[in-house]
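Shown next: model-v4.txt, given as compact mmCIF, C-alpha atoms.
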# COMPACT_ATOMS: atom_id res chain seq x y z
CA MET A 254 31.43 -7.68 37.85
CA VAL A 255 28.45 -5.92 36.29
CA GLN A 256 26.16 -6.97 39.12
CA GLU A 257 28.66 -5.78 41.72
CA ALA A 258 29.05 -2.43 39.99
CA THR A 259 25.32 -1.99 39.84
CA ALA A 260 24.86 -3.00 43.42
CA GLY A 261 27.52 -0.53 44.49
CA ALA A 262 26.09 2.38 42.56
CA THR A 263 24.45 5.17 44.48
CA PRO A 264 20.76 5.90 43.90
CA GLY A 265 21.72 9.27 42.41
CA ALA A 266 24.10 7.69 39.90
CA THR A 267 21.51 5.11 38.87
CA ALA A 268 18.86 7.77 38.33
CA GLN A 269 21.33 9.85 36.33
CA SER A 270 22.13 6.86 34.12
CA ARG A 271 18.46 6.18 33.50
CA SER A 272 17.86 9.82 32.67
CA ALA A 273 20.72 9.80 30.17
CA GLY A 274 19.33 6.66 28.53
CA ALA A 275 15.86 8.16 28.28
CA GLU A 276 17.30 11.30 26.72
CA ILE A 277 19.16 9.28 24.10
CA ARG A 278 16.00 7.34 23.31
CA ARG A 279 14.00 10.56 22.94
CA GLY A 280 16.64 11.89 20.56
CA GLU A 281 16.44 8.73 18.49
CA LEU A 282 12.64 8.99 18.46
CA ALA A 283 12.80 12.60 17.28
CA ALA A 284 15.24 11.76 14.46
CA PHE A 285 13.16 8.75 13.40
CA LEU A 286 9.95 10.79 13.23
CA ARG A 287 11.64 13.47 11.12
CA SER A 288 13.05 10.90 8.70
CA ARG A 289 9.66 9.21 8.23
CA ARG A 290 7.86 12.54 7.81
CA GLU A 291 10.30 13.77 5.17
CA ARG A 292 9.88 10.73 2.92
CA ILE A 293 6.09 11.12 2.42
CA THR A 294 4.80 13.39 -0.32
CA PRO A 295 1.67 15.47 0.27
CA GLU A 296 0.00 13.74 -2.68
CA GLN A 297 0.33 10.35 -0.96
CA VAL A 298 -1.97 11.47 1.85
CA GLY A 299 -4.34 13.60 -0.20
CA LEU A 300 -2.85 17.03 0.62
CA PRO A 301 -2.08 19.79 -1.91
CA ARG A 302 1.60 20.45 -2.55
CA GLY A 303 1.35 24.20 -2.99
CA ARG A 304 3.93 26.43 -4.63
CA ARG A 305 6.04 27.49 -1.67
CA ARG A 306 6.80 24.14 -0.11
CA ARG A 307 10.43 23.97 0.99
CA THR A 308 10.19 21.11 3.46
CA PRO A 309 10.98 17.70 1.97
CA GLY A 310 7.91 15.55 2.51
CA LEU A 311 5.25 16.62 4.99
CA ARG A 312 5.31 19.54 7.40
CA ARG A 313 4.94 18.97 11.14
CA GLU A 314 1.52 20.59 11.19
CA GLU A 315 0.39 18.27 8.40
CA VAL A 316 1.39 15.17 10.37
CA ALA A 317 -0.40 16.61 13.39
CA GLN A 318 -3.50 17.20 11.28
CA LEU A 319 -3.46 13.69 9.80
CA SER A 320 -3.00 12.04 13.19
CA THR A 321 -5.38 14.44 15.03
CA VAL A 322 -2.62 15.36 17.46
CA GLY A 323 -1.92 18.92 18.59
CA VAL A 324 0.79 20.68 16.55
CA THR A 325 2.63 21.73 19.70
CA TRP A 326 2.51 18.19 21.08
CA TYR A 327 3.86 16.67 17.88
CA THR A 328 6.56 19.37 17.63
CA TRP A 329 7.71 18.52 21.15
CA LEU A 330 8.02 14.89 20.10
CA GLU A 331 10.26 15.83 17.18
CA GLN A 332 12.29 18.04 19.50
CA GLY A 333 12.92 15.17 21.89
CA ARG A 334 11.06 16.81 24.79
CA ASP A 335 10.45 14.78 27.95
CA ILE A 336 6.71 14.16 27.53
CA HIS A 337 4.55 11.08 27.98
CA VAL A 338 3.02 9.72 24.79
CA SER A 339 0.06 7.36 24.93
CA ALA A 340 -0.28 4.24 22.79
CA GLN A 341 -3.29 5.82 21.08
CA VAL A 342 -1.26 8.84 19.99
CA LEU A 343 1.59 6.67 18.75
CA ASP A 344 -0.87 4.51 16.83
CA ALA A 345 -2.33 7.59 15.13
CA ILE A 346 1.12 8.90 14.24
CA ALA A 347 2.19 5.50 12.90
CA ARG A 348 -0.84 5.46 10.60
CA ALA A 349 -0.32 9.07 9.50
CA LEU A 350 3.32 8.35 8.63
CA ILE A 351 2.33 5.10 6.86
CA LEU A 352 4.77 2.99 8.86
CA ASP A 353 5.22 -0.69 8.07
CA ARG A 354 5.39 -3.35 10.77
CA SER A 355 9.12 -2.98 11.48
CA GLU A 356 8.94 0.81 11.59
CA ARG A 357 5.90 0.71 13.84
CA ALA A 358 7.65 -1.63 16.28
CA HIS A 359 10.67 0.69 16.29
CA LEU A 360 8.47 3.71 17.01
CA PHE A 361 6.84 2.06 20.04
CA ALA A 362 10.19 0.75 21.32
CA LEU A 363 11.77 4.20 21.20
CA ALA A 364 8.74 5.66 23.00
CA GLY A 365 8.92 2.91 25.64
CA THR A 366 5.25 2.03 25.09
CA VAL A 367 3.55 -1.31 24.46
CA ASP A 368 2.01 -1.51 21.00
CA PRO A 369 -1.70 -2.44 21.25
CA SER A 370 -1.69 -3.72 17.64
CA PRO A 371 1.73 -5.31 17.07
CA ALA A 372 0.56 -7.33 14.07
CA SER A 373 0.05 -4.32 11.80
CA GLU A 374 0.91 -5.19 8.25
CA CYS A 375 4.38 -5.06 6.73
CA THR A 376 4.38 -4.38 3.03
CA GLY A 377 7.67 -5.62 1.66
CA VAL A 378 7.64 -8.34 -0.99
CA PRO A 379 10.28 -10.94 -0.05
CA GLN A 380 12.55 -12.42 -2.68
CA SER A 381 10.98 -15.87 -2.17
CA LEU A 382 7.56 -14.51 -3.17
CA ARG A 383 9.00 -12.73 -6.18
CA ARG A 384 10.51 -16.02 -7.30
CA MET A 385 7.07 -17.63 -7.03
CA LEU A 386 5.64 -14.96 -9.33
CA GLU A 387 8.33 -15.73 -11.88
CA GLN A 388 7.80 -19.49 -11.68
CA LEU A 389 4.06 -19.11 -12.29
CA GLU A 390 4.66 -17.74 -15.80
CA PRO A 391 3.13 -17.88 -18.35
CA PHE A 392 0.16 -17.55 -15.96
CA PRO A 393 -0.39 -13.94 -14.80
CA ALA A 394 0.20 -13.33 -11.10
CA CYS A 395 0.68 -10.37 -8.79
CA VAL A 396 0.99 -9.42 -5.13
CA GLN A 397 -1.70 -6.98 -4.09
CA ASN A 398 -2.56 -5.34 -0.79
CA SER A 399 -5.97 -4.50 0.62
CA ARG A 400 -6.05 -1.07 -1.02
CA PHE A 401 -5.59 -2.74 -4.43
CA ASP A 402 -2.01 -1.46 -4.67
CA LEU A 403 0.12 -3.66 -6.92
CA LEU A 404 3.21 -4.47 -4.86
CA ALA A 405 4.75 -6.81 -7.44
CA TYR A 406 3.76 -8.65 -10.63
CA ASN A 407 5.26 -11.02 -13.17
CA ARG A 408 5.84 -10.41 -16.87
CA THR A 409 2.56 -11.85 -18.11
CA TYR A 410 0.47 -9.84 -15.64
CA ARG A 411 2.43 -6.75 -16.62
CA LEU A 412 0.87 -6.82 -20.12
CA MET A 413 -2.53 -8.32 -19.34
CA MET A 414 -4.52 -5.05 -19.04
CA CYS A 415 -1.91 -2.51 -20.14
CA ASP A 416 1.87 -2.14 -19.92
CA LEU A 417 2.17 -1.62 -16.16
CA ASP A 418 5.83 -0.66 -16.39
CA GLU A 419 4.71 2.46 -18.27
CA VAL A 420 2.29 3.41 -15.50
CA PRO A 421 3.73 5.77 -12.85
CA PRO A 422 4.43 3.79 -9.64
CA GLU A 423 1.98 5.90 -7.63
CA ASP A 424 -0.80 4.94 -10.09
CA ARG A 425 -0.25 1.16 -9.93
CA ASN A 426 -3.47 0.54 -8.08
CA CYS A 427 -6.15 -1.66 -9.65
CA LEU A 428 -9.06 0.47 -8.45
CA TRP A 429 -7.45 3.66 -9.69
CA LEU A 430 -6.65 2.12 -13.08
CA ALA A 431 -10.16 0.67 -13.45
CA PHE A 432 -11.68 4.14 -13.12
CA THR A 433 -9.06 6.34 -14.82
CA HIS A 434 -6.85 4.39 -17.27
CA ASP A 435 -8.41 4.03 -20.73
CA GLU A 436 -6.48 0.92 -21.81
CA TRP A 437 -7.07 -0.85 -18.49
CA ARG A 438 -10.76 -0.01 -18.63
CA SER A 439 -11.09 -1.29 -22.20
CA SER A 440 -9.64 -4.65 -21.14
CA LEU A 441 -12.59 -5.26 -18.78
CA VAL A 442 -15.20 -7.13 -20.82
CA ASP A 443 -18.01 -6.51 -18.32
CA ARG A 444 -16.62 -3.18 -17.17
CA ASP A 445 -19.71 -1.70 -15.49
CA GLU A 446 -20.26 -4.73 -13.27
CA THR A 447 -16.53 -5.13 -12.58
CA ILE A 448 -15.95 -1.60 -11.35
CA ARG A 449 -19.14 -1.70 -9.27
CA LEU A 450 -17.96 -4.86 -7.51
CA MET A 451 -14.44 -3.50 -7.05
CA ALA A 452 -15.76 -0.37 -5.33
CA ALA A 453 -18.06 -2.49 -3.14
CA LYS A 454 -15.19 -4.79 -2.14
CA PHE A 455 -12.97 -1.80 -1.41
CA ARG A 456 -15.63 -0.29 0.86
CA ALA A 457 -16.09 -3.58 2.72
CA VAL A 458 -12.38 -3.88 3.46
CA MET A 459 -12.03 -0.18 4.25
CA ALA A 460 -14.30 -0.64 7.28
CA GLU A 461 -11.20 -1.91 9.10
CA HIS A 462 -9.10 1.07 7.95
CA VAL A 463 -11.65 3.87 7.79
CA ALA A 464 -9.59 6.38 9.81
CA GLU A 465 -6.26 5.68 8.12
CA PRO A 466 -4.85 8.56 6.02
CA ALA A 467 -3.71 6.43 3.08
CA TRP A 468 -7.20 4.95 2.66
CA LYS A 469 -8.92 8.31 2.94
CA ALA A 470 -6.44 9.79 0.47
CA MET A 471 -7.22 7.03 -2.01
CA VAL A 472 -10.96 7.68 -1.87
CA LYS A 473 -10.44 11.45 -2.13
CA ARG A 474 -8.18 11.03 -5.15
CA LEU A 475 -10.72 8.81 -6.92
CA GLU A 476 -13.61 11.14 -6.11
CA ASP A 477 -11.68 14.08 -7.55
CA ALA A 478 -10.73 12.16 -10.72
CA SER A 479 -13.89 10.22 -11.58
CA ALA A 480 -17.55 11.22 -11.54
CA GLU A 481 -18.32 7.55 -12.18
CA PHE A 482 -16.55 6.56 -8.97
CA ARG A 483 -18.36 9.27 -7.00
CA GLU A 484 -21.73 7.94 -8.18
CA ILE A 485 -20.88 4.31 -7.38
CA TRP A 486 -19.23 5.15 -4.04
CA ALA A 487 -22.33 7.05 -2.92
CA ARG A 488 -24.37 3.81 -3.11
CA HIS A 489 -22.52 2.36 -0.09
CA GLU A 490 -22.59 -1.15 -1.55
CA VAL A 491 -20.40 -3.79 0.15
CA VAL A 492 -19.24 -7.18 -1.13
CA ARG A 493 -16.69 -9.53 0.41
CA PRO A 494 -13.72 -10.68 -1.70
CA GLY A 495 -14.21 -13.85 -3.73
CA ASP A 496 -12.67 -15.85 -6.56
CA LYS A 497 -14.43 -16.53 -9.87
CA ILE A 498 -13.94 -16.71 -13.64
CA LYS A 499 -12.90 -13.33 -15.03
CA VAL A 500 -12.89 -12.29 -18.66
CA TYR A 501 -10.42 -9.79 -20.12
CA ARG A 502 -9.86 -8.40 -23.59
CA GLN A 503 -6.09 -8.29 -24.15
CA SER A 504 -5.27 -5.93 -27.00
CA GLN A 505 -2.70 -8.23 -28.67
CA VAL A 506 -3.91 -11.79 -28.07
CA GLY A 507 -7.67 -11.46 -27.65
CA ILE A 508 -10.16 -12.66 -25.04
CA LEU A 509 -8.76 -14.30 -21.88
CA ARG A 510 -11.01 -16.39 -19.62
CA LEU A 511 -9.22 -16.80 -16.31
CA ALA A 512 -9.91 -18.41 -12.95
CA SER A 513 -8.57 -16.20 -10.18
CA THR A 514 -7.23 -17.56 -6.90
CA SER A 515 -6.21 -15.56 -3.83
CA LEU A 516 -3.46 -16.90 -1.58
CA TRP A 517 -2.82 -14.94 1.60
CA THR A 518 0.88 -14.31 2.25
CA GLY A 519 0.57 -14.39 6.05
CA PRO A 520 -1.67 -15.48 8.92
CA ARG A 521 -3.89 -12.43 8.51
CA GLN A 522 -5.85 -11.19 5.49
CA GLY A 523 -3.21 -8.73 4.38
CA PRO A 524 -1.23 -8.79 1.12
CA LYS A 525 -2.11 -11.71 -1.10
CA LEU A 526 -0.71 -13.55 -4.05
CA LEU A 527 -3.31 -13.30 -6.80
CA THR A 528 -2.99 -15.89 -9.58
CA TYR A 529 -4.86 -16.30 -12.86
CA THR A 530 -5.08 -19.73 -14.49
CA PRO A 531 -6.65 -20.39 -17.92
CA ALA A 532 -10.26 -21.55 -17.88
CA ASP A 533 -9.93 -23.18 -21.33
CA ALA A 534 -7.30 -24.41 -23.79
CA GLU A 535 -7.66 -21.35 -26.00
CA THR A 536 -6.85 -19.01 -23.12
CA HIS A 537 -3.86 -21.19 -22.19
CA GLU A 538 -2.46 -20.79 -25.70
CA ARG A 539 -3.10 -17.05 -25.65
CA LEU A 540 -1.31 -16.69 -22.30
CA GLU A 541 1.72 -18.39 -23.78
CA ARG A 542 1.65 -15.91 -26.66
CA LEU A 543 1.28 -13.02 -24.22
CA HIS A 544 4.22 -14.29 -22.19
CA ALA A 545 6.31 -14.51 -25.38
CA LEU A 546 5.40 -10.90 -26.17
CA ALA A 547 6.45 -9.86 -22.65
CA LEU A 548 9.81 -11.60 -23.08
CA ALA A 549 10.35 -9.94 -26.44
CA ALA A 550 9.38 -6.54 -25.02
CA GLU A 551 12.00 -6.66 -22.30
CA GLY A 552 14.70 -7.48 -24.82
CA GLY A 553 15.73 -10.98 -23.74
CA ALA A 554 17.94 -11.89 -20.78
CA GLY A 555 19.14 -9.52 -18.14
CA ALA A 556 15.87 -7.82 -17.21
CA ASP A 557 14.12 -8.30 -13.88
CA PRO A 558 11.35 -10.90 -14.44
CA VAL A 559 9.30 -9.53 -11.55
CA SER A 560 8.43 -5.87 -11.23
CA THR A 561 7.95 -4.35 -7.78
CA ALA A 562 5.92 -1.23 -7.11
CA GLU A 563 7.85 1.11 -4.83
CA SER A 564 5.78 4.27 -4.85
CA ASP A 565 3.87 4.24 -1.55
CA PRO A 566 5.69 3.49 1.68
CA ALA A 567 2.44 2.47 3.23
CA SER A 568 1.37 1.06 0.14
CA THR A 569 3.38 -0.51 0.70
CA ALA A 570 1.79 0.07 3.95
CA GLU A 571 -0.88 -2.20 5.26
CA ALA A 572 -3.24 -4.35 3.54
CA ALA A 573 -6.91 -7.79 1.97
CA PRO A 574 -8.11 -6.82 -1.37
CA ALA A 575 -10.70 -7.97 -3.70
CA ALA A 576 -9.71 -9.86 -6.76
CA VAL A 577 -9.37 -7.68 -9.85
Translate the structure of the given file into structure tokens.
Amino acid sequence: MVQEATAGATPGATAQSRSAGAEIRRGELAAFLRSRRERITPEQVGLPRGRRRRTPGLRREEVAQLSTVGVTWYTWLEQGRDIHVSAQVLDAIARALILDRSERAHLFALAGTVDPSPASECTGVPQSLRRMLEQLEPFPACVQNSRFDLLAYNRTYRLMMCDLDEVPPEDRNCLWLAFTHDEWRSSLVDRDETIRLMAAKFRAVMAEHVAEPAWKAMVKRLEDASAEFREIWARHEVVRPGDKIKVYRQSQVGILRLASTSLWTGPRQGPKLLTYTPADAETHERLERLHALALAAEGGAGADPVSTAESDPASTAEAAPAAV
């Protein structure tokens, strides 16, 4: 019946139907872009908030600036105008709006354009992975993306360098904490060498994301906050990620000597499960004590054993970091 109806339709009716479908899709695209723009704070992409901001999230001109697209062109997109959008423009907008894999696919589908990079990273932490973090206790473990954002962590990791639950979600980034958080910094036994290597590893990975707003915003934020970071960053040192014995000074249980292991969570070097196992019997005993302290701190049963960072949608955006 459907085939007969289609076959019997006049060319004018078919064209009208296609036009109506395209208009609906453009309307959906416009609404989707507005919703993604309104959820991003200026601070997330390194822009000043200002005193007179009334728009929730970013302004249109700010998205245009971040994606190097003309303001008029981007405005037409949000108005559902009948314009052709290239894959390159959509890619730039997807990065500016810090879209995850599902959102990116939706954007390209609504625009009727083939995505040249369909494997862009999705940042959600599935329940199965969160269960793994819990089962690894008392060993510390976390899920980290390539920008060093902490996407999730178990109870022992939560207390290893500081109480992460007391850190604002937007600050739960290992590089940021290593340069700006006093308690985190004091836990690094060989701090000078550690932060130098972290910055070098970050630069090496950033080569694949150098034009992305979230990465540039991270560097800008660190440069503004830390003269030490500015000096190290100016050296342009690069080191690839690697696993080795790491030594921490935990304020309540003492020195921890830990072997770190990175387990990629997908076929590409995106988010990874980072585990820490004791390098000696003394550290093993101290991890058990630290885990007991974490259990006592959360007040027994009923609390979520795995914390998830939810601050940065991209941060939750893409991701292959260096071990902390």
Quick one: residues within 8 Å of (-4.9, -4.4, -8.6) (file frame), counting only C-alpha atoms, please, as a JSON list (two decimals) with C-alpha atoms, in the coordinates of the input.
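Now in part_34.json:
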[["chain", "number", "residue", "atom", "x", "y", "z"],
["A", 397, "GLN", "CA", -1.70, -6.98, -4.09],
["A", 401, "PHE", "CA", -5.59, -2.74, -4.43],
["A", 402, "ASP", "CA", -2.01, -1.46, -4.67],
["A", 403, "LEU", "CA", 0.12, -3.66, -6.92],
["A", 425, "ARG", "CA", -0.25, 1.16, -9.93],
["A", 426, "ASN", "CA", -3.47, 0.54, -8.08],
["A", 427, "CYS", "CA", -6.15, -1.66, -9.65],
["A", 428, "LEU", "CA", -9.06, 0.47, -8.45],
["A", 576, "ALA", "CA", -9.71, -9.86, -6.76],
["A", 577, "VAL", "CA", -9.37, -7.68, -9.85]]
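From atom CA of Ser320 of chain A back to atom CA of Ile346 of chain A, the distance works out to 5.3 Å.
Between atom CA of Glu356 of chain A and atom CA of Trp468 of chain A the interatomic distance comes to 18.9 Å.
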For this session: Kindly indicate which residue among A:Val342, A:Ala283, A:Ala453, A:Leu509 lies nearest to Val492 of chain A, using only C-alpha atoms for the distances.
Result: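 Going through A:Val342, A:Ala283, A:Ala453, A:Leu509 one by one, the smallest distance to Val492 of chain A is for A:Ala453.
The shortest atom-to-atom distance to Met471 of chain A, with all atoms listed in the file taken into account, belongs to A:Val298 out of A:Val298, A:Ile293, A:Leu543, A:Leu311.
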For this session: Find the distance between atom CA of Arg539 of chain A and atom CA of Glu551 of chain A and write it in Å to one decimal.
Result: 18.6 Å
For this session: Rank nothing, just name the residue among A:Arg306, A:Arg400, A:Arg290, A:Lys497 nearest to Ala347 of chain A, using only C-alpha atoms.
Result: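 For Ala347 of chain A, the nearest of the candidates is A:Arg290.
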Could you give me, as a Markdown table, every segment 418-533 of chain A residue with an atom at most 12 Å from segment 406-409 of chain A, plus its closest atom pair and distance in Å to one decimal, counting only C-alpha atoms, rows ordered by chain then number?
| residue | atom | partner | partner_atom | distance |
| --- | --- | --- | --- | --- |
| A:Asp418 | CA | A:Arg408 | CA | 9.8 |
| A:Arg425 | CA | A:Tyr406 | CA | 10.6 |
| A:Asn426 | CA | A:Tyr406 | CA | 12.0 |
| A:Gln503 | CA | A:Thr409 | CA | 11.1 |
| A:Val506 | CA | A:Thr409 | CA | 11.9 |
| A:Lys525 | CA | A:Tyr406 | CA | 11.6 |
| A:Leu526 | CA | A:Tyr406 | CA | 9.3 |
| A:Leu527 | CA | A:Tyr406 | CA | 9.3 |
| A:Thr528 | CA | A:Tyr406 | CA | 10.0 |
| A:Tyr529 | CA | A:Thr409 | CA | 10.1 |
| A:Thr530 | CA | A:Thr409 | CA | 11.6 |
Exercise. Which residue gives the smallest distance to Cys395 of chain A among A:Leu286, A:Leu516, A:Val316, A:Ala340, with all atoms listed in the file counted?
Worked result: A:Leu516
Exercise. Which residues, written as number ranges by chain, have at least one atom at most 12 Å from Arg287 of chain A, with only C-alpha atoms counted and residues fewer than 4 positions away on the same chain left out?
Worked result: A: 280-283, 291-293, 308-313, 316, 327-333, 346, 350, 360
For this session: Return the single residue from A:Ala358, A:Val559, A:Leu540, A:Val324 that is closest to Ser381 of chain A, with distances computed using all atoms listed in the file.
Result: A:Val559
Draw an axis-aligned box over all listed atoms of segment 330-347 of chain A, pad each side with 8 Å, and write its centre and edge lengths in Å, one decimal, as lines of an AutoDock Vina configuration file.
center_x = 4.8
center_y = 11.1
center_z = 20.4
size_x = 32.2
size_y = 29.8
size_z = 31.1
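Among the candidate residues A:Ala512, A:Val472, A:Ala452, A:Glu535, the one lying nearest to Pro393 of chain A is A:Ala512, with distances computed using only C-alpha atoms.
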Problem set entry | Surrounding residues of Leu382 of chain A excluding itself and chain neighbours under 5 positions, 9 Å, only C-alpha atoms, as a PyMOL selection string | chain A and resi 387+396+518+526
Problem set entry | Near-Val338 of chain A list (10 Å; all atoms listed in the file; drop same-chain fewer than 3 positions) as a list in words | Trp326, Tyr327, Leu330, Asp335, Gln341, Val342, Leu343, Phe361, Ala364, Gly365 and Thr366 of chain A
